[in-house]
Each structure stands twice: as C-alpha cells, then as structure tokens.
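Structure data follow from start-v7.txt (compact mmCIF, C-alpha atoms):
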# COMPACT_ATOMS: atom_id res chain seq x y z
CA MET A 21 179.98 52.97 74.53
CA LYS A 22 182.06 49.80 74.71
CA ASN A 23 182.83 50.65 78.35
CA MET A 24 179.11 50.32 79.18
CA LYS A 25 178.86 46.55 78.69
CA CYS A 26 176.30 46.14 81.48
CA ILE A 27 173.77 48.50 79.88
CA GLN A 28 170.44 46.81 79.14
CA LYS A 29 168.37 49.52 77.44
CA ILE A 30 169.10 52.23 74.87
CA ALA A 31 166.00 54.38 74.39
CA HIS A 32 167.31 56.31 71.37
CA VAL A 33 170.39 56.10 69.18
CA ASP A 34 170.60 58.45 66.16
CA ILE A 35 172.18 56.52 63.30
CA GLY A 36 172.61 59.61 61.15
CA THR A 37 174.76 61.51 63.63
CA SER A 38 176.64 58.56 65.16
CA SER A 39 180.05 57.52 63.90
CA THR A 40 180.71 54.14 62.34
CA SER A 41 182.93 53.18 65.25
CA MET A 42 180.20 54.01 67.75
CA MET A 43 177.72 51.82 65.86
CA GLN A 44 180.25 49.00 65.83
CA GLU A 45 180.61 49.29 69.59
CA VAL A 46 176.89 48.59 70.03
CA GLY A 47 177.66 45.00 69.09
CA VAL A 48 179.73 44.40 72.26
CA LEU A 49 176.86 45.31 74.59
CA SER A 50 176.10 41.69 75.31
CA GLN A 51 173.45 42.42 77.97
CA LEU A 52 171.42 44.80 75.81
CA THR A 53 167.74 43.80 75.73
CA LYS A 54 165.98 46.94 74.42
CA LEU A 55 167.17 49.13 71.55
CA CYS A 56 165.64 51.92 69.45
CA ALA A 57 167.57 53.23 66.43
CA ILE A 58 166.52 56.19 64.26
CA ASN A 59 167.89 57.58 61.01
CA HIS A 60 166.78 60.92 59.53
CA GLU A 61 169.05 60.78 56.48
CA HIS A 62 168.29 59.49 52.97
CA GLY A 63 169.70 56.17 51.81
CA GLY A 64 170.58 53.07 53.73
CA GLU A 65 174.36 53.35 54.06
CA LYS A 66 174.18 54.63 57.63
CA TRP A 67 172.37 51.46 58.71
CA GLU A 68 175.13 49.09 57.61
CA PRO A 69 177.41 49.26 60.70
CA PHE A 70 174.33 49.13 62.94
CA ALA A 71 173.07 46.00 61.16
CA ALA A 72 176.49 44.38 61.60
CA SER A 73 176.32 45.07 65.34
CA LEU A 74 172.76 43.74 65.50
CA ASN A 75 174.06 40.41 64.21
CA MET A 76 176.28 40.25 67.30
CA LEU A 77 173.31 40.75 69.64
CA GLN A 78 171.42 37.71 68.40
CA LYS A 79 170.73 36.24 71.85
CA SER A 80 170.23 39.34 73.98
CA ILE A 81 167.82 41.70 72.21
CA ARG A 82 164.16 41.31 73.23
CA HIS A 83 162.67 44.65 72.10
CA LEU A 84 163.80 46.37 68.90
CA SER A 85 162.65 49.53 67.10
CA ILE A 86 164.14 50.52 63.73
CA ILE A 87 162.93 53.84 62.35
CA HIS A 88 163.96 55.24 58.95
CA TRP A 89 162.33 58.63 59.08
CA ARG A 90 162.19 59.32 55.34
CA ASN A 91 158.85 58.52 53.74
CA ARG A 92 159.16 56.36 50.60
CA ASP A 93 162.96 56.29 50.79
CA ILE A 94 164.19 52.70 50.64
CA GLY A 95 166.63 52.69 53.52
CA LEU A 96 166.09 49.44 55.38
CA GLU A 97 167.13 46.91 52.73
CA VAL A 98 170.27 46.03 54.70
CA PHE A 99 168.05 44.30 57.26
CA LEU A 100 166.89 41.79 54.64
CA GLU A 101 170.30 40.16 54.85
CA LEU A 102 170.89 39.81 58.59
CA THR A 103 173.04 36.72 59.07
CA SER A 104 172.19 36.31 62.76
CA PRO A 105 168.81 37.92 63.49
CA PRO A 106 167.70 38.38 67.13
CA ILE A 107 166.10 34.99 67.75
CA PHE A 108 164.54 35.84 71.14
CA LEU A 109 162.86 39.03 69.97
CA GLU A 110 159.50 39.71 71.66
CA THR A 111 158.55 43.10 70.18
CA LEU A 112 159.56 44.57 66.82
CA TYR A 113 158.76 47.98 65.34
CA LEU A 114 159.82 48.61 61.73
CA TRP A 115 159.22 52.09 60.30
CA GLY A 116 160.49 52.59 56.76
CA ARG A 117 160.13 51.35 53.22
CA LEU A 118 161.07 47.77 52.36
CA SER A 119 160.93 45.87 49.08
CA VAL A 120 159.76 42.80 51.04
CA LEU A 121 159.35 41.84 54.67
CA PRO A 122 162.61 40.31 55.94
CA LEU A 123 162.30 36.52 55.80
CA TRP A 124 163.90 36.09 59.23
CA ILE A 125 160.83 37.66 60.86
CA SER A 126 158.90 34.48 59.99
CA SER A 127 161.26 32.50 62.23
CA LEU A 128 160.82 34.61 65.39
CA SER A 129 159.17 32.02 67.63
CA TYR A 130 159.03 34.34 70.65
CA LEU A 131 157.65 37.42 68.85
CA ILE A 132 154.58 38.76 70.67
CA GLU A 133 154.04 42.16 69.05
CA LEU A 134 154.85 43.42 65.56
CA CYS A 135 154.32 47.05 64.52
CA LEU A 136 154.82 48.16 60.91
CA ARG A 137 154.66 51.69 59.45
CA GLU A 138 155.32 53.13 55.97
CA ASN A 139 156.80 49.87 54.68
CA PHE A 140 154.70 49.78 51.46
CA LEU A 141 154.33 45.99 51.57
CA ASP A 142 152.04 43.88 49.37
CA GLY A 143 149.61 40.98 49.67
CA GLU A 144 152.15 38.35 50.81
CA LEU A 145 152.37 39.94 54.25
CA LEU A 146 149.85 37.72 56.04
CA HIS A 147 151.27 34.51 54.61
CA GLN A 148 154.69 35.43 56.01
CA LEU A 149 153.40 36.18 59.50
CA GLY A 150 150.60 33.67 59.96
CA GLN A 151 152.70 30.84 61.39
CA LEU A 152 154.32 32.79 64.24
CA PRO A 153 153.42 30.73 67.32
CA SER A 154 153.59 33.49 69.98
CA HIS A 155 152.21 36.41 67.96
CA VAL A 156 149.51 38.24 69.96
CA SER A 157 149.45 41.79 68.55
CA LEU A 158 149.74 42.98 64.92
CA LYS A 159 149.71 46.71 64.23
CA LEU A 160 149.64 47.75 60.58
CA TYR A 161 150.04 51.51 60.74
CA HIS A 162 149.96 54.16 58.00
CA GLU A 163 151.00 52.81 54.57
CA SER A 164 152.57 49.66 55.97
CA PHE A 165 150.33 47.62 53.66
CA MET A 166 149.63 48.68 50.07
CA GLY A 167 147.73 45.63 48.78
CA THR A 168 144.03 45.55 47.91
CA HIS A 169 142.96 42.52 49.97
CA LEU A 170 143.66 41.34 53.51
CA CYS A 171 142.26 37.89 54.13
CA PHE A 172 142.78 36.02 57.39
CA GLU A 173 142.13 32.53 56.11
CA LYS A 174 142.77 29.00 57.39
CA LYS A 175 142.37 28.20 61.07
CA LYS A 176 146.06 27.44 61.55
CA LEU A 177 147.11 31.00 60.67
CA PHE A 178 147.57 33.56 63.48
CA PRO A 179 146.61 31.03 66.16
CA ARG A 180 147.25 33.35 69.14
CA LEU A 181 146.53 36.80 67.67
CA LYS A 182 144.34 38.85 70.03
CA LYS A 183 144.78 42.42 68.81
CA LEU A 184 144.76 43.75 65.25
CA ILE A 185 145.17 47.37 64.16
CA ILE A 186 144.75 48.40 60.52
CA ASP A 187 145.48 52.10 60.07
CA ASN A 188 144.88 53.62 56.65
CA ALA A 189 145.90 50.98 54.15
CA PRO A 190 145.15 53.30 51.21
CA ASN A 191 144.46 50.66 48.53
CA LEU A 192 142.49 48.20 50.66
CA ASP A 193 139.25 47.10 49.00
CA GLU A 194 138.44 44.09 51.16
CA LEU A 195 139.09 42.89 54.71
CA ARG A 196 137.98 39.32 55.31
CA PHE A 197 138.13 36.82 58.16
CA ASP A 198 137.72 33.25 56.92
CA GLY A 199 138.95 31.18 59.84
CA GLY A 200 142.32 32.74 60.59
CA ALA A 201 142.98 34.64 63.84
CA PRO A 202 140.38 32.59 65.77
CA ASN A 203 141.36 34.16 69.10
CA LEU A 204 141.12 37.79 67.97
CA GLU A 205 139.51 39.91 70.68
CA ARG A 206 140.08 43.51 69.61
CA LEU A 207 139.88 44.93 66.09
CA THR A 208 140.89 48.57 65.56
CA LEU A 209 140.32 50.17 62.14
CA ALA A 210 141.04 53.47 60.39
CA PHE A 211 139.91 54.01 56.79
CA GLU A 212 140.07 57.22 54.77
CA ARG A 213 137.52 55.72 52.38
CA GLN A 214 135.13 52.81 52.41
CA PRO A 215 136.72 49.57 51.11
CA ALA A 216 135.08 48.88 47.75
CA ASN A 217 134.09 45.32 48.66
CA GLY A 218 133.70 45.77 52.40
CA ILE A 219 134.55 44.00 55.64
CA PHE A 220 133.46 40.38 55.98
CA GLY A 221 133.55 37.49 58.41
CA ILE A 222 133.43 38.88 61.96
CA GLU A 223 131.13 35.94 62.68
CA ASN A 224 134.24 33.79 62.21
CA LEU A 225 135.93 35.54 65.14
CA PRO A 226 134.37 33.69 68.09
CA ARG A 227 136.25 35.65 70.77
CA LEU A 228 135.74 39.14 69.38
CA VAL A 229 134.71 41.62 72.09
CA GLU A 230 135.52 45.04 70.65
CA VAL A 231 135.68 46.88 67.31
CA GLU A 232 136.99 50.44 67.31
CA PHE A 233 137.01 52.96 64.45
CA PHE A 234 139.45 55.88 64.72
CA GLY A 235 141.24 58.51 62.65
CA GLU A 236 140.73 61.98 61.20
CA THR A 237 138.10 60.57 58.84
CA ILE A 238 135.62 57.96 60.03
CA VAL A 239 133.27 56.51 57.41
CA ASP A 240 129.80 56.47 58.97
CA SER A 241 128.50 53.68 56.76
CA LEU A 242 131.34 51.39 57.87
CA VAL A 243 130.54 51.97 61.52
CA GLN A 244 126.83 51.43 61.02
CA GLY A 245 127.45 48.30 58.99
CA MET A 246 129.67 46.87 61.72
CA ILE A 247 127.08 47.68 64.40
CA ALA A 248 124.51 45.76 62.38
CA GLU A 249 126.83 42.78 61.99
CA ALA A 250 127.69 42.80 65.69
CA LYS A 251 124.05 42.27 66.64
CA PHE A 252 124.21 38.78 65.12
CA HIS A 253 127.53 37.86 66.73
CA PRO A 254 127.25 35.54 69.78
CA ASN A 255 129.42 37.91 71.87
CA ARG A 256 127.62 41.09 70.80
CA PRO A 257 131.00 42.88 70.54
CA ARG A 258 131.14 46.54 71.43
CA VAL A 259 131.44 48.75 68.33
CA TYR A 260 132.48 52.36 68.87
CA ARG A 261 134.30 55.29 67.30
CA GLU A 262 137.00 57.65 68.56
CA ASP A 263 136.49 61.09 67.03

Here is a file; write its structure as structure tokens.
Amino acid sequence: MKNMKCIQKIAHVDIGTSSTSMMQEVGVLSQLTKLCAINHEHGGEKWEPFAASLNMLQKSIRHLSIIHWRNRDIGLEVFLELTSPPIFLETLYLWGRLSVLPLWISSLSYLIELCLRENFLDGELLHQLGQLPSHVSLKLYHESFMGTHLCFEKKKLFPRLKKLIIDNAPNLDELRFDGGAPNLERLTLAFERQPANGIFGIENLPRLVEVEFFGETIVDSLVQGMIAEAKFHPNRPRVYRED
C-alpha cells in the first residue's frame, strides 16, 4: 500500500483481516481524501494501528467512515484520544458504540455532514455539536441517541443545519425546537412508538418545507398531529409518510 502514495480514495478497508503493517502504511498516503474502514471483530484492539495512521492524515482526509460492525460492543474508544484529528473533514460517519462523542468532533470547522449509528450516546450530544459553523446535515440513525429529550434550543446553536434525520431513538420522549436550527428545511423522523411528551416547536423553524415519516412502523397519530401543526406554519410544510 505504501507504493500507492498518489491514491485519493479507499472505498473499503477491512480492519479485522488487515495486518498491522498494512494499517500503518495507510498513514503514508498523504493524498488520501476519502476513506472507509470496517471491523467485524469484537474489541477495539484492531483499530489501534488504524487510528495511529489517521493521526498522520490530519490535513488530507475530507470524507471518513468508521464502522464497528458489532452491536453494543465498545470498539471505537481509541478514537476518543486522536492526537491529530482530521481538521479539514467535511463528512463523517461513525457506526459503533462510544462512551462519549469524541471531543475533537466539536472542533471540525469544515464538517458539513455527520452520520451516527448505534453509538448509544446520551443527552449531551446536541450541546457538543451545536457550535459547528459549517454543519448542514445531521443524521441520527438507529440507536445513535439513547437519551429521553432532544431539544434544539438557543438561536446560536446549529446555525446552518438544513437537514435532520432522527431514526428510532428508542427512549425519546420529547423532541423540541426552541430557537436552535433556525435554517432547518427538512425533518425526517422514524419512531417505533409515540414520544410520551410529543414533538413541539415546528413554528420556530421558519424555513421548514418538508416533514417525512418513515420506517417499518409509522405512528398514525404522530403524522396526523404534524399535519395539523403544519397548517398553522407560515410555509405550510409538506408532511408525508413513506410506507
């Protein structure tokens, strides 16, 4: 791999079956801009040489996917301690359990899209991400968030966010918009049950144009409630379901 220094994209590298030396060689690919790494094995030891190489790619990587394909297995903790995170990252996909969201994500000034899946994170998530200046798309997929409340508060939080996906946050009792994400245009929701307290504040989303409900289970009362709320919104956003 070290003889391929001009390579710019690696669509798939299997951490579990790759040798330590091969993972170390990733770090010399100084022109690499897009990288997807997957591990099917339990534990986080296999990620260590890859994380060390990622530190060496601080200025080149723009698009990064890290997938630990073992539900509930804490395997991505090594990424909490990156000494030189990729500062010009534009898209980031993190699939796998974490004790907390890595602090360095909060400093990614160029990050446009963040996708999270099966991370089992708690209520501090929005406070960590709300100050990102370039953040346009936030996708919270299956079990990425395990808290009971998601509140987009304060006008200075999520200033450029336009697209939000919330996909089956199993413990969510309340989704509220209280001034944060003022430029949100598209809201996509999947709930396996109706949030106990409900969804509030779409009137505080002045640019909202679309609300979509999707998933294997779509709660009729949620859809009907959103349709009723949309009638009083200045934009009359489209509310629809995919089933």

Who sits within 9 Å of range 143-149 of chain A, only C-alpha atoms, same chain under 3 positions skipped, as a VMD selection string: chain A and resid 120 to 121 123 125 to 126 152 155 165 to 172 177 to 178

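Taking CA of Glu65 in chain A as the reference point, CA of Ile81 in chain A is found at 22.5 Å.
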
My list of candidates is A:Glu249, A:Glu101, A:Glu61, A:Glu133. Which is closest to Gly116 in chain A when distances are computed with all atoms listed in the file?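 For Gly116 in chain A, the nearest of the candidates is A:Glu61.
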
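Among the candidate residues A:Leu49, A:Cys135, A:Ile222, A:Ile186, the one lying nearest to Gly199 in chain A is A:Ile222, with distances computed using only C-alpha atoms.
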
Quick one: distance from CA of Asn59 in chain A to CA of Ile87 in chain A in Å, one decimal? 6.4 Å
